[in-house]
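> Following this line is target.cif, made up of mmCIF, C-alpha atoms (C1' of nucleotides):
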```cif
data_my_file
#
loop_
_atom_site.label_atom_id
_atom_site.label_comp_id
_atom_site.auth_asym_id
_atom_site.auth_seq_id
_atom_site.Cartn_x
_atom_site.Cartn_y
_atom_site.Cartn_z
CA MET A 108 68.09 -78.95 -33.90
CA GLU A 109 64.60 -77.57 -33.73
CA SER A 110 63.11 -77.79 -30.26
CA ARG A 111 59.63 -79.04 -29.61
CA ILE A 112 58.32 -75.65 -28.59
CA GLU A 113 59.96 -73.96 -31.54
CA ARG A 114 58.08 -76.34 -33.77
CA LEU A 115 54.81 -75.40 -32.09
CA CYS A 116 55.60 -71.73 -32.61
CA ILE A 117 56.23 -72.24 -36.30
CA GLU A 118 53.01 -74.22 -36.68
CA ARG A 119 51.19 -71.23 -35.27
CA GLY A 120 52.96 -68.84 -37.60
CA LEU A 121 54.92 -66.97 -34.95
CA LYS A 122 57.94 -65.06 -36.10
CA MET A 123 61.01 -66.94 -34.93
CA THR A 124 63.68 -64.56 -33.76
CA GLY A 125 66.96 -65.69 -32.30
CA GLN A 126 65.78 -64.82 -28.80
CA ARG A 127 62.55 -66.70 -29.17
CA ARG A 128 64.38 -69.73 -30.44
CA VAL A 129 66.65 -69.75 -27.41
CA ILE A 130 63.80 -69.34 -24.97
CA ALA A 131 61.87 -72.08 -26.75
CA ARG A 132 64.83 -74.40 -26.37
CA VAL A 133 65.26 -73.60 -22.69
CA LEU A 134 61.59 -74.32 -22.10
CA SER A 135 61.66 -77.51 -24.11
CA ASP A 136 64.61 -78.74 -22.10
CA ALA A 137 63.21 -77.77 -18.71
CA ALA A 138 62.10 -80.71 -16.63
CA ASP A 139 61.02 -78.46 -13.78
CA HIS A 140 58.87 -75.38 -13.20
CA PRO A 141 61.19 -72.40 -13.60
CA ASP A 142 60.19 -68.84 -12.89
CA VAL A 143 60.98 -65.96 -15.23
CA GLU A 144 64.23 -65.10 -13.53
CA GLU A 145 65.44 -68.67 -13.84
CA LEU A 146 64.42 -68.80 -17.51
CA TYR A 147 66.27 -65.57 -18.07
CA ARG A 148 69.35 -67.02 -16.40
CA ARG A 149 69.30 -70.14 -18.56
CA ALA A 150 68.57 -68.25 -21.76
CA SER A 151 71.30 -65.71 -21.06
CA ALA A 152 73.77 -68.52 -20.65
CA LEU A 153 73.04 -69.59 -24.23
CA ASP A 154 72.83 -66.13 -25.72
CA ARG A 155 73.78 -62.98 -23.89
CA ARG A 156 71.65 -60.62 -25.98
CA ILE A 157 68.35 -61.49 -24.34
CA SER A 158 66.60 -59.11 -22.01
CA ILE A 159 64.30 -60.08 -19.20
CA ALA A 160 61.51 -58.05 -20.83
CA THR A 161 61.67 -60.41 -23.78
CA VAL A 162 61.40 -63.40 -21.48
CA TYR A 163 58.31 -61.89 -19.90
CA ARG A 164 56.82 -61.12 -23.30
CA THR A 165 57.61 -64.57 -24.62
CA VAL A 166 56.15 -66.56 -21.74
CA ARG A 167 53.04 -64.43 -21.92
CA LEU A 168 52.76 -65.05 -25.63
CA LEU A 169 53.29 -68.78 -25.23
CA GLU A 170 50.76 -68.92 -22.46
CA GLU A 171 48.22 -67.18 -24.70
CA GLN A 172 49.01 -69.71 -27.40
CA GLY A 173 48.36 -72.55 -25.02
CA ILE A 174 51.93 -73.76 -25.33
CA LEU A 175 52.95 -72.88 -21.80
CA ALA A 176 51.07 -73.18 -18.53
CA ARG A 177 51.56 -70.62 -15.81
CA ARG A 178 51.57 -71.98 -12.27
CA ASP A 179 51.33 -70.26 -8.94
CA PHE A 180 52.94 -72.15 -6.08
CA GLY A 181 52.99 -69.21 -3.71
CA GLY A 182 55.96 -66.99 -3.11
CA GLY A 183 54.67 -64.34 -5.45
CA ARG A 184 56.34 -65.38 -8.67
CA ALA A 185 54.77 -67.15 -11.61
CA ARG A 186 56.30 -70.40 -12.75
CA TYR A 187 56.02 -72.13 -16.08
CA GLU A 188 55.90 -75.54 -17.62
CA PRO A 189 55.01 -76.81 -21.10
CA SER A 190 51.30 -77.46 -21.10
CA GLU A 191 51.21 -80.57 -23.32
CA HIS A 192 52.59 -82.39 -20.43
CA GLY A 193 49.60 -84.37 -19.32
CA HIS A 194 47.05 -83.40 -16.73
CA HIS A 195 48.75 -83.56 -13.41
CA HIS A 196 48.97 -81.83 -10.06
CA HIS A 197 51.72 -80.74 -7.77
CA LEU A 198 52.96 -81.55 -4.32
CA ILE A 199 55.28 -79.00 -2.82
CA ASP A 200 57.81 -80.06 -0.21
CA VAL A 201 57.36 -77.32 2.35
CA ASP A 202 60.90 -77.79 3.66
CA THR A 203 62.77 -77.66 0.38
CA GLY A 204 60.36 -76.08 -2.07
CA ARG A 205 60.79 -79.05 -4.35
CA VAL A 206 57.85 -79.77 -6.66
CA ILE A 207 56.66 -83.34 -7.21
CA GLU A 208 54.12 -84.04 -9.91
CA PHE A 209 51.39 -86.60 -9.60
CA GLU A 210 48.33 -87.68 -11.50
CA ASP A 211 44.90 -88.56 -10.29
CA PRO A 212 42.46 -88.89 -13.15
CA GLU A 213 39.63 -89.74 -10.80
CA HIS A 214 39.58 -86.26 -9.37
CA GLU A 215 38.30 -84.65 -12.51
CA ARG A 216 34.99 -86.49 -12.25
CA VAL A 217 34.53 -85.86 -8.55
CA LEU A 218 35.23 -82.16 -8.93
CA ALA A 219 32.98 -81.76 -11.95
CA ALA A 220 30.22 -83.32 -9.84
CA ILE A 221 30.87 -80.88 -7.01
CA ALA A 222 30.74 -77.95 -9.40
CA ALA A 223 27.52 -79.26 -10.91
CA ARG A 224 25.96 -79.54 -7.47
CA LEU A 225 26.75 -75.85 -6.97
CA GLY A 226 25.25 -74.97 -10.33
CA PHE A 227 28.44 -74.55 -12.33
CA ASP A 228 30.27 -76.10 -15.23
CA LEU A 229 33.80 -76.90 -14.19
CA VAL A 230 36.18 -74.78 -16.26
CA SER A 231 39.39 -75.72 -14.52
CA TYR A 232 40.71 -76.30 -11.06
CA ARG A 233 43.85 -76.30 -9.11
CA LEU A 234 44.90 -78.90 -6.67
CA THR A 235 48.18 -78.39 -4.92
CA LEU A 236 49.39 -80.37 -1.94
CA PHE A 237 51.93 -79.21 0.58
CA GLY A 238 53.75 -81.98 2.37
CA ARG A 239 56.75 -82.89 4.47
CA ARG A 240 58.97 -85.94 4.40
CA PRO A 241 58.43 -87.89 7.61
CA GLY A 242 61.29 -87.12 9.94
CA ALA A 243 62.12 -83.73 8.48
CA ARG A 244 62.42 -80.97 11.04
CA THR A 245 59.00 -79.57 11.90
CA ALA A 246 60.08 -76.02 10.99
CA ALA A 247 57.68 -73.20 11.78
CA ALA A 248 54.57 -75.32 11.90
CA ARG A 249 52.34 -72.41 12.75
CA PRO A 250 48.94 -73.89 13.40
CA GLY A 251 47.08 -71.16 11.56
CA THR A 252 49.11 -71.34 8.38
CA SER A 253 46.72 -71.08 5.51
CA ALA A 254 46.19 -73.97 3.19
CA ASP A 255 46.24 -71.44 0.39
CA ARG A 256 49.42 -69.75 1.36
CA PRO A 257 51.89 -72.00 3.08
CA ALA A 258 55.12 -70.90 4.64
CA ARG A 259 57.38 -69.54 1.96
CA PRO A 260 59.89 -72.12 0.77
CA PRO A 261 63.46 -71.55 1.97
CA SER A 262 64.36 -69.69 -1.17
CA ALA A 263 62.15 -68.74 -4.06
CA ALA A 264 65.07 -69.18 -6.42
CA GLU A 265 65.83 -72.59 -4.99
CA ALA A 266 62.29 -73.86 -5.28
CA GLY A 267 61.09 -76.17 -7.97
CA ARG A 268 64.10 -77.89 -9.37
CA MET B 94 30.36 -54.52 21.66
CA GLU B 95 33.53 -56.57 21.51
CA SER B 96 33.96 -58.40 18.21
CA ARG B 97 34.95 -62.03 17.99
CA ILE B 98 38.35 -61.25 16.57
CA GLU B 99 38.98 -58.52 19.13
CA ARG B 100 38.36 -61.11 21.82
CA LEU B 101 40.91 -63.44 20.24
CA CYS B 102 43.43 -60.62 20.15
CA ILE B 103 42.93 -59.88 23.83
CA GLU B 104 43.26 -63.56 24.72
CA ARG B 105 46.64 -63.51 23.00
CA GLY B 106 47.70 -60.38 24.83
CA LEU B 107 47.82 -58.09 21.81
CA LYS B 108 47.66 -54.39 22.44
CA MET B 109 44.26 -53.17 21.35
CA THR B 110 44.51 -49.82 19.67
CA GLY B 111 41.55 -48.03 18.16
CA GLN B 112 42.66 -48.98 14.65
CA ARG B 113 43.09 -52.60 15.53
CA ARG B 114 39.68 -52.70 17.11
CA VAL B 115 38.08 -51.31 13.96
CA ILE B 116 39.90 -53.73 11.68
CA ALA B 117 38.98 -56.60 13.98
CA ARG B 118 35.34 -55.61 13.75
CA VAL B 119 35.44 -55.32 9.95
CA LEU B 120 36.97 -58.76 9.73
CA SER B 121 34.53 -60.27 12.21
CA ASP B 122 31.64 -58.89 10.21
CA ALA B 123 32.98 -59.95 6.80
CA ALA B 124 31.09 -62.81 5.24
CA ASP B 125 33.31 -62.78 2.17
CA HIS B 126 37.01 -62.82 1.28
CA PRO B 127 38.09 -59.19 1.10
CA ASP B 128 41.49 -58.06 -0.07
CA VAL B 129 43.51 -55.45 1.76
CA GLU B 130 42.16 -52.57 -0.26
CA GLU B 131 38.61 -53.60 0.47
CA LEU B 132 39.38 -53.98 4.19
CA TYR B 133 40.94 -50.55 4.12
CA ARG B 134 37.82 -49.14 2.48
CA ARG B 135 35.51 -50.68 5.08
CA ALA B 136 37.71 -49.73 8.01
CA SER B 137 38.10 -46.16 6.76
CA ALA B 138 34.35 -45.83 6.59
CA LEU B 139 34.20 -46.54 10.33
CA ASP B 140 37.23 -44.50 11.32
CA ARG B 141 39.00 -42.17 8.97
CA ARG B 142 42.34 -42.23 10.82
CA ILE B 143 43.45 -45.62 9.58
CA SER B 144 46.22 -45.99 7.03
CA ILE B 145 46.56 -48.81 4.57
CA ALA B 146 49.97 -49.63 6.07
CA THR B 147 48.22 -50.46 9.31
CA VAL B 148 45.79 -52.73 7.52
CA TYR B 149 48.71 -54.58 5.94
CA ARG B 150 50.48 -54.82 9.29
CA THR B 151 47.35 -55.99 11.05
CA VAL B 152 46.39 -58.73 8.62
CA ARG B 153 49.95 -59.97 8.71
CA LEU B 154 49.90 -60.03 12.50
CA LEU B 155 46.55 -61.80 12.59
CA GLU B 156 47.70 -64.33 10.06
CA GLU B 157 50.79 -65.06 12.18
CA GLN B 158 48.50 -65.50 15.17
CA GLY B 159 46.41 -68.00 13.27
CA ILE B 160 43.37 -65.78 13.51
CA LEU B 161 43.18 -64.95 9.83
CA ALA B 162 43.78 -67.10 6.78
CA ARG B 163 45.34 -65.64 3.69
CA ARG B 164 43.96 -66.89 0.39
CA ASP B 165 45.24 -66.59 -3.12
CA PHE B 166 42.58 -66.77 -5.79
CA GLY B 167 44.78 -65.43 -8.53
CA GLY B 168 44.80 -61.85 -9.68
CA GLY B 169 47.85 -61.02 -7.63
CA ARG B 170 46.24 -59.83 -4.43
CA ALA B 171 45.94 -61.67 -1.16
CA ARG B 172 42.49 -62.11 0.31
CA TYR B 173 41.53 -62.86 3.87
CA GLU B 174 38.97 -64.70 5.91
CA PRO B 175 38.74 -65.64 9.58
CA SER B 176 40.39 -69.01 9.94
CA GLU B 177 38.06 -70.58 12.52
CA HIS B 178 35.55 -70.91 9.82
CA GLY B 179 35.59 -74.62 9.16
CA HIS B 180 37.55 -76.52 6.58
CA HIS B 181 36.21 -75.64 3.21
CA HIS B 182 37.24 -74.94 -0.34
CA HIS B 183 36.39 -72.35 -2.94
CA LEU B 184 34.81 -72.24 -6.33
CA ILE B 185 35.45 -69.09 -8.31
CA ASP B 186 32.96 -67.96 -10.93
CA VAL B 187 35.29 -67.08 -13.78
CA ASP B 188 32.82 -64.61 -15.23
CA THR B 189 32.03 -62.60 -12.13
CA GLY B 190 34.87 -63.40 -9.73
CA ARG B 191 32.33 -64.44 -7.13
CA VAL B 192 33.60 -66.96 -4.58
CA ILE B 193 31.43 -69.86 -3.49
CA GLU B 194 32.50 -71.98 -0.55
CA PHE B 195 31.94 -75.69 -0.35
CA GLU B 196 32.94 -78.55 1.87
CA ASP B 197 34.06 -82.01 1.00
CA PRO B 198 35.41 -83.82 4.03
CA GLU B 199 36.17 -86.91 2.00
CA HIS B 200 38.93 -85.16 0.14
CA GLU B 201 41.20 -84.89 3.12
CA ARG B 202 41.58 -88.67 3.31
CA VAL B 203 42.12 -89.16 -0.40
CA LEU B 204 44.75 -86.46 -0.54
CA ALA B 205 46.55 -87.69 2.54
CA ALA B 206 46.75 -91.07 0.84
CA ILE B 207 48.19 -89.54 -2.32
CA ALA B 208 50.81 -87.69 -0.32
CA ALA B 209 51.68 -90.87 1.56
CA ARG B 210 52.13 -92.75 -1.69
CA LEU B 211 54.65 -90.09 -2.71
CA GLY B 212 56.44 -90.40 0.61
CA PHE B 213 55.09 -87.30 2.33
CA ASP B 214 52.95 -86.32 5.27
CA LEU B 215 50.21 -83.99 4.10
CA VAL B 216 50.72 -80.60 5.71
CA SER B 217 48.01 -78.72 3.88
CA TYR B 218 46.55 -78.39 0.46
CA ARG B 219 44.63 -76.08 -1.69
CA LEU B 220 41.74 -77.02 -3.84
CA THR B 221 40.15 -74.29 -5.85
CA LEU B 222 37.64 -74.78 -8.62
CA PHE B 223 36.96 -72.38 -11.44
CA GLY B 224 33.55 -72.65 -12.98
CA ARG B 225 30.96 -70.98 -15.13
CA ARG B 226 27.21 -70.86 -14.82
CA PRO B 227 25.71 -72.78 -17.72
CA GLY B 228 24.55 -70.26 -20.30
CA ALA B 229 26.96 -67.53 -19.30
CA ARG B 230 28.86 -66.01 -22.18
CA THR B 231 31.91 -68.08 -23.01
CA ALA B 232 34.20 -65.07 -22.61
CA ALA B 233 37.82 -65.46 -23.64
CA ALA B 234 37.90 -69.21 -23.37
CA ARG B 235 41.52 -69.47 -24.37
CA PRO B 236 42.19 -73.19 -24.61
CA GLY B 237 45.54 -72.98 -22.92
CA THR B 238 44.41 -71.06 -19.91
CA SER B 239 46.19 -72.53 -16.93
CA ALA B 240 44.29 -74.23 -14.20
CA ASP B 241 46.57 -72.45 -11.79
CA ARG B 242 46.04 -69.00 -13.17
CA PRO B 243 42.65 -68.47 -14.68
CA ALA B 244 41.55 -65.42 -16.60
CA ARG B 245 41.46 -62.44 -14.32
CA PRO B 246 37.98 -61.70 -13.00
CA PRO B 247 36.32 -58.61 -14.50
CA SER B 248 37.46 -56.39 -11.68
CA ALA B 249 39.72 -57.25 -8.81
CA ALA B 250 37.82 -54.84 -6.59
CA GLU B 251 34.52 -56.41 -7.62
CA ALA B 252 35.55 -59.96 -6.87
CA GLY B 253 34.68 -61.83 -3.72
CA ARG B 254 31.61 -60.22 -2.31
"C1'" DT C 211 56.86 -44.86 31.85
"C1'" DT C 212 57.80 -47.42 27.85
"C1'" DA C 213 57.30 -51.21 24.60
"C1'" DG C 214 55.00 -51.32 20.88
"C1'" DG C 215 51.70 -49.23 17.24
"C1'" DT C 216 50.73 -45.70 13.57
"C1'" DG C 217 51.04 -42.49 9.55
"C1'" DC C 218 53.53 -41.09 5.82
"C1'" DA C 219 56.36 -41.57 2.22
"C1'" DA C 220 59.92 -44.08 0.23
"C1'" DA C 221 61.62 -48.52 -1.05
"C1'" DG C 222 61.08 -53.31 -2.90
"C1'" DA C 223 59.68 -57.16 -5.83
"C1'" DG C 224 57.56 -58.81 -9.78
"C1'" DT C 225 55.69 -57.54 -14.10
"C1'" DT C 226 54.23 -54.52 -17.95
"C1'" DT C 227 54.86 -50.95 -21.41
"C1'" DG C 228 56.32 -46.72 -24.43
"C1'" DC C 229 59.59 -45.71 -27.56
"C1'" DT C 230 63.11 -46.34 -30.84
"C1'" DC C 231 65.72 -49.32 -33.38
"C1'" DG C 232 66.32 -53.93 -35.48
"C1'" DT C 233 65.04 -58.05 -38.26
"C1'" DA C 234 62.25 -62.23 -40.08
"C1'" DT C 235 59.43 -62.94 -43.65
"C1'" DA D 285 59.44 -53.33 -47.62
"C1'" DT D 286 57.05 -53.72 -43.53
"C1'" DA D 287 54.83 -55.68 -39.74
"C1'" DC D 288 56.36 -57.37 -35.77
"C1'" DG D 289 60.04 -58.23 -32.12
"C1'" DA D 290 63.76 -56.56 -28.85
"C1'" DG D 291 66.27 -53.62 -25.59
"C1'" DC D 292 66.11 -50.22 -22.23
"C1'" DA D 293 64.26 -47.72 -18.78
"C1'" DA D 294 60.29 -45.88 -16.80
"C1'" DA D 295 55.87 -47.04 -14.95
"C1'" DC D 296 52.64 -49.96 -12.36
"C1'" DT D 297 50.68 -52.85 -8.69
"C1'" DC D 298 50.91 -54.92 -4.41
"C1'" DT D 299 53.33 -55.06 -0.19
"C1'" DT D 300 56.92 -53.86 3.21
"C1'" DT D 301 59.68 -50.64 5.93
"C1'" DG D 302 62.38 -46.51 8.14
"C1'" DC D 303 61.52 -42.91 10.94
"C1'" DA D 304 59.39 -39.62 13.98
"C1'" DC D 305 55.51 -39.36 16.74
"C1'" DC D 306 51.78 -41.38 19.65
"C1'" DT D 307 49.33 -44.44 23.08
"C1'" DA D 308 47.72 -48.71 25.62
"C1'" DA D 309 48.92 -51.03 29.48
#
```
Would you mind writing the file out in C-alpha cells?

Amino acid sequence: MESRIERLCIERGLKMTGQRRVIARVLSDAADHPDVEELYRRASALDRRISIATVYRTVRLLEEQGILARRDFGGGRARYEPSEHGHHHHLIDVDTGRVIEFEDPEHERVLAAIAARLGFDLVSYRLTLFGRRPGARTAAARPGTSADRPARPPSAAEAGR
Amino acid sequence: MESRIERLCIERGLKMTGQRRVIARVLSDAADHPDVEELYRRASALDRRISIATVYRTVRLLEEQGILARRDFGGGRARYEPSEHGHHHHLIDVDTGRVIEFEDPEHERVLAAIAARLGFDLVSYRLTLFGRRPGARTAAARPGTSADRPARPPSAAEAGR
DNA sequence: TTAGGTGCAAAGAGTTTGCTCGTAT
DNA sequence: ATACGAGCAAACTCTTTGCACCTAA
C-alpha cells in the first residue's frame, strides 16, 4: 500500500522510483528520529539495491519539499522525522540517548515576544532539553559541559529509538 | 599582561606554553562566538608558529576544564565562548548569521518543570532563536525549513562577529 | 630530566558530487 | 524519447591522531 510520504511525493509531482518508494515507506513507518545510516539500514533490509548516496539525496530532497524535518541532537549526525508531526520539542536522556517528545504551545508566544524585544521577527527556534532520570548514575557530570553540546550519548547509533 | 583564561589555566595546573598563552588571550579578548578557523586566524596574527591542530587540541582541553563552552549554531562547525559568561541564550539572524545574546532567567524554572513532568531532572538545555529583521529580504523562506537546522548563514566565516 | 605539548601530514566521520548508466513518465 | 534518478567512487569539510621533535616545570 501507498505510504503517507509516498503520497506527498506524488502530490508534488516527484518521480517515484523503487528506491524512493522504499525510503518513503521507511520514513512513514519510523516512530523515532533515525539518522541517515539507520535509514539506510532499514531501507536496505527491504530492498538491497539502495545506496547510501540515494538516501542522502532523498532526505535532502524531502527536507527541501518540507516533508521531512532535519534535527540536530548533537553527536555530529543529522536526524530526521516527518515534519507534519505537530510542533513539538525534544528531551534527550543524556544517559541513554533516548529522545522524548513534548509539546508546549505557550512557548511560541513567549519566544516571539523575546525576539520582538530584540528587534526581530521570530523565524523558528529550537528548544532541546537534556535530562536524566532521577537515580541514574551521575556519569561524567562535568560542570562545564555546554548546554549546547552535552556529553555524547553512549552510542550515536543507539540514540533516538 | 596575564589574560583571564591564562589565569584559569594556571590555577588548574596546566602547562603554559607560548601557543597556549596566545590562544588564551585570543579567547579572553573575544566578545563573539568564533569557530576554530577564526580562532586560528586571530592566534596566527599574534604568533605565526601556531598550528590549527593546536587550536583544536586547546579548545578541547579548555572545554573539558569547563573554561570554554562549545556551541552549535548549525552550519556544521563548533563555536566557542568563555563559559563564565552568565547564563544566556542566542538569537541568530538568519540573513546575516549574526548572533545576539539574551537572557531569560524565567525559562530555567519552566523547563525544569517540563522535564519533571516527563520524569527527568533537567541537566541542561539549549534554546536558540532564529529571526529576521523586519524588512529584510525574505531570502529562501522554504516553508519546511527545520527549526533545528535553519538555512545556512551567508558565509560560515562571516557569522558570529 | 621528563611528562606533556606541538607541527605536520595522514586518517576519520559525515556528507556531497561527477560521471555514466538506468528508468519513470 | 528524454528528463531525471541511482550507483559508485572520489572529493569535501570539519576534526582527530600518530609520530618525531621540543619545552615548561
> What is the distance, in Å and to one decimal place, between atom CA of Pro241 of chain A and atom CA of Ser176 of chain B?
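Computing the Euclidean distance for atom CA of Pro241 of chain A and atom CA of Ser176 of chain B yields 26.2 Å.
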> Please compute the atom CA of Leu120 of chain B-atom CA of Glu174 of chain B distance, one decimal, in Å.
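Here the two named atoms are 7.3 Å from each other.
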> For DG291 of chain D, please output as a list in words all residues within 12 Å (counting all atoms listed in the file; exclusion window: fewer than 2 positions along the same chain).
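After dropping sequence-adjacent residues, the list is Gln126, Arg156, Ile157, Ser158, Ile159, Ala160, Thr161 and Val162 of chain A; DC229, DT230, DC231 and DG232 of chain C; DG289 and DA293 of chain D.
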> Which residues fall under the PyMOL selection byres ((chain A) within 6 of (chain B)) in this file, as a PDB file with C-alpha atoms, in the frame of the given file?

```pdb
ATOM      1  CA  GLY A 173      48.360 -72.550 -25.020  1.00  0.00           C
ATOM      2  CA  ALA A 176      51.070 -73.180 -18.530  1.00  0.00           C
ATOM      3  CA  ARG A 177      51.560 -70.620 -15.810  1.00  0.00           C
ATOM      4  CA  ARG A 178      51.570 -71.980 -12.270  1.00  0.00           C
ATOM      5  CA  ASP A 179      51.330 -70.260  -8.940  1.00  0.00           C
ATOM      6  CA  PHE A 227      28.440 -74.550 -12.330  1.00  0.00           C
ATOM      7  CA  ASP A 228      30.270 -76.100 -15.230  1.00  0.00           C
ATOM      8  CA  LEU A 229      33.800 -76.900 -14.190  1.00  0.00           C
ATOM      9  CA  VAL A 230      36.180 -74.780 -16.260  1.00  0.00           C
ATOM     10  CA  SER A 231      39.390 -75.720 -14.520  1.00  0.00           C
ATOM     11  CA  TYR A 232      40.710 -76.300 -11.060  1.00  0.00           C
ATOM     12  CA  ARG A 233      43.850 -76.300  -9.110  1.00  0.00           C
ATOM     13  CA  LEU A 234      44.900 -78.900  -6.670  1.00  0.00           C
ATOM     14  CA  THR A 235      48.180 -78.390  -4.920  1.00  0.00           C
ATOM     15  CA  LEU A 236      49.390 -80.370  -1.940  1.00  0.00           C
ATOM     16  CA  PHE A 237      51.930 -79.210   0.580  1.00  0.00           C
ATOM     17  CA  GLY A 238      53.750 -81.980   2.370  1.00  0.00           C
ATOM     18  CA  ARG A 239      56.750 -82.890   4.470  1.00  0.00           C
ATOM     19  CA  ARG A 240      58.970 -85.940   4.400  1.00  0.00           C
ATOM     20  CA  GLY A 251      47.080 -71.160  11.560  1.00  0.00           C
ATOM     21  CA  SER A 253      46.720 -71.080   5.510  1.00  0.00           C
ATOM     22  CA  ALA A 254      46.190 -73.970   3.190  1.00  0.00           C
ATOM     23  CA  ASP A 255      46.240 -71.440   0.390  1.00  0.00           C
TER      24      ASP A 255
END
```
> Could you tell me how far atom CA of Gly120 of chain A lies from atom C1' of DA234 of chain C, in Å and to one decimal?
11.7 Å
> Give as a ChimeraX atom specification every residue of chain C that touches chain A within 12 Å, counting all atoms listed in the file.
/C:223-227,232-235
> Please identify every residue of chain D that has at least one atom no more than 10 Å from any atom of chain B, counting all atoms listed in the file, and report them as a list in words.
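Within 10 Å of chain B on chain D, we get DT297, DC298, DT299, DT300, DT301, DT307, DA308 and DA309 of chain D.
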> Quick one: which residues end up in the PyMOL selection byres ((chain B and resi 100) around 12) for this structure, as a PDB file with C-alpha atoms, keeping the file's coordinate frame?

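Now in selection-v5.pdb:
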```pdb
ATOM      1  CA  MET B  94      30.360 -54.520  21.660  1.00  0.00           C
ATOM      2  CA  GLU B  95      33.530 -56.570  21.510  1.00  0.00           C
ATOM      3  CA  SER B  96      33.960 -58.400  18.210  1.00  0.00           C
ATOM      4  CA  ARG B  97      34.950 -62.030  17.990  1.00  0.00           C
ATOM      5  CA  ILE B  98      38.350 -61.250  16.570  1.00  0.00           C
ATOM      6  CA  GLU B  99      38.980 -58.520  19.130  1.00  0.00           C
ATOM      7  CA  LEU B 101      40.910 -63.440  20.240  1.00  0.00           C
ATOM      8  CA  CYS B 102      43.430 -60.620  20.150  1.00  0.00           C
ATOM      9  CA  ILE B 103      42.930 -59.880  23.830  1.00  0.00           C
ATOM     10  CA  GLU B 104      43.260 -63.560  24.720  1.00  0.00           C
ATOM     11  CA  ARG B 105      46.640 -63.510  23.000  1.00  0.00           C
ATOM     12  CA  GLY B 106      47.700 -60.380  24.830  1.00  0.00           C
ATOM     13  CA  LEU B 107      47.820 -58.090  21.810  1.00  0.00           C
ATOM     14  CA  LYS B 108      47.660 -54.390  22.440  1.00  0.00           C
ATOM     15  CA  MET B 109      44.260 -53.170  21.350  1.00  0.00           C
ATOM     16  CA  ARG B 113      43.090 -52.600  15.530  1.00  0.00           C
ATOM     17  CA  ARG B 114      39.680 -52.700  17.110  1.00  0.00           C
ATOM     18  CA  ALA B 117      38.980 -56.600  13.980  1.00  0.00           C
ATOM     19  CA  ARG B 118      35.340 -55.610  13.750  1.00  0.00           C
ATOM     20  CA  SER B 121      34.530 -60.270  12.210  1.00  0.00           C
ATOM     21  CA  ILE B 160      43.370 -65.780  13.510  1.00  0.00           C
TER      22      ILE B 160
END
```
> Kindly add all heavy atoms to the incomplete segment 203-207 of chain B and provide the output as a CSV table (one decimal), in the coordinates of the input.

```csv
chain,number,residue,atom,x,y,z
B,203,VAL,N,41.6,-88.8,0.9
B,203,VAL,CA,42.1,-89.2,-0.4
B,203,VAL,C,43.5,-88.5,-0.6
B,203,VAL,O,44.4,-89.1,-1.1
B,203,VAL,CB,41.1,-88.8,-1.5
B,203,VAL,CG1,41.7,-89.1,-2.9
B,203,VAL,CG2,39.8,-89.5,-1.3
B,204,LEU,N,43.5,-87.2,-0.3
B,204,LEU,CA,44.8,-86.5,-0.5
B,204,LEU,C,45.9,-86.9,0.4
B,204,LEU,O,47.0,-86.9,0.0
B,204,LEU,CB,44.5,-85.0,-0.4
B,204,LEU,CG,43.4,-84.5,-1.4
B,204,LEU,CD1,43.2,-83.0,-1.2
B,204,LEU,CD2,43.9,-84.8,-2.8
B,205,ALA,N,45.5,-87.2,1.6
B,205,ALA,CA,46.6,-87.7,2.5
B,205,ALA,C,47.1,-89.0,2.0
B,205,ALA,O,48.3,-89.2,2.1
B,205,ALA,CB,46.0,-87.9,3.9
B,206,ALA,N,46.3,-89.8,1.4
B,206,ALA,CA,46.8,-91.1,0.8
B,206,ALA,C,47.7,-90.8,-0.4
B,206,ALA,O,48.7,-91.5,-0.5
B,206,ALA,CB,45.5,-91.9,0.4
B,207,ILE,N,47.3,-89.9,-1.2
B,207,ILE,CA,48.2,-89.5,-2.3
B,207,ILE,C,49.6,-89.1,-1.8
B,207,ILE,O,50.6,-89.5,-2.3
B,207,ILE,CB,47.5,-88.4,-3.2
B,207,ILE,CG1,46.3,-89.0,-3.9
B,207,ILE,CG2,48.5,-87.9,-4.2
B,207,ILE,CD1,45.5,-87.9,-4.6
```
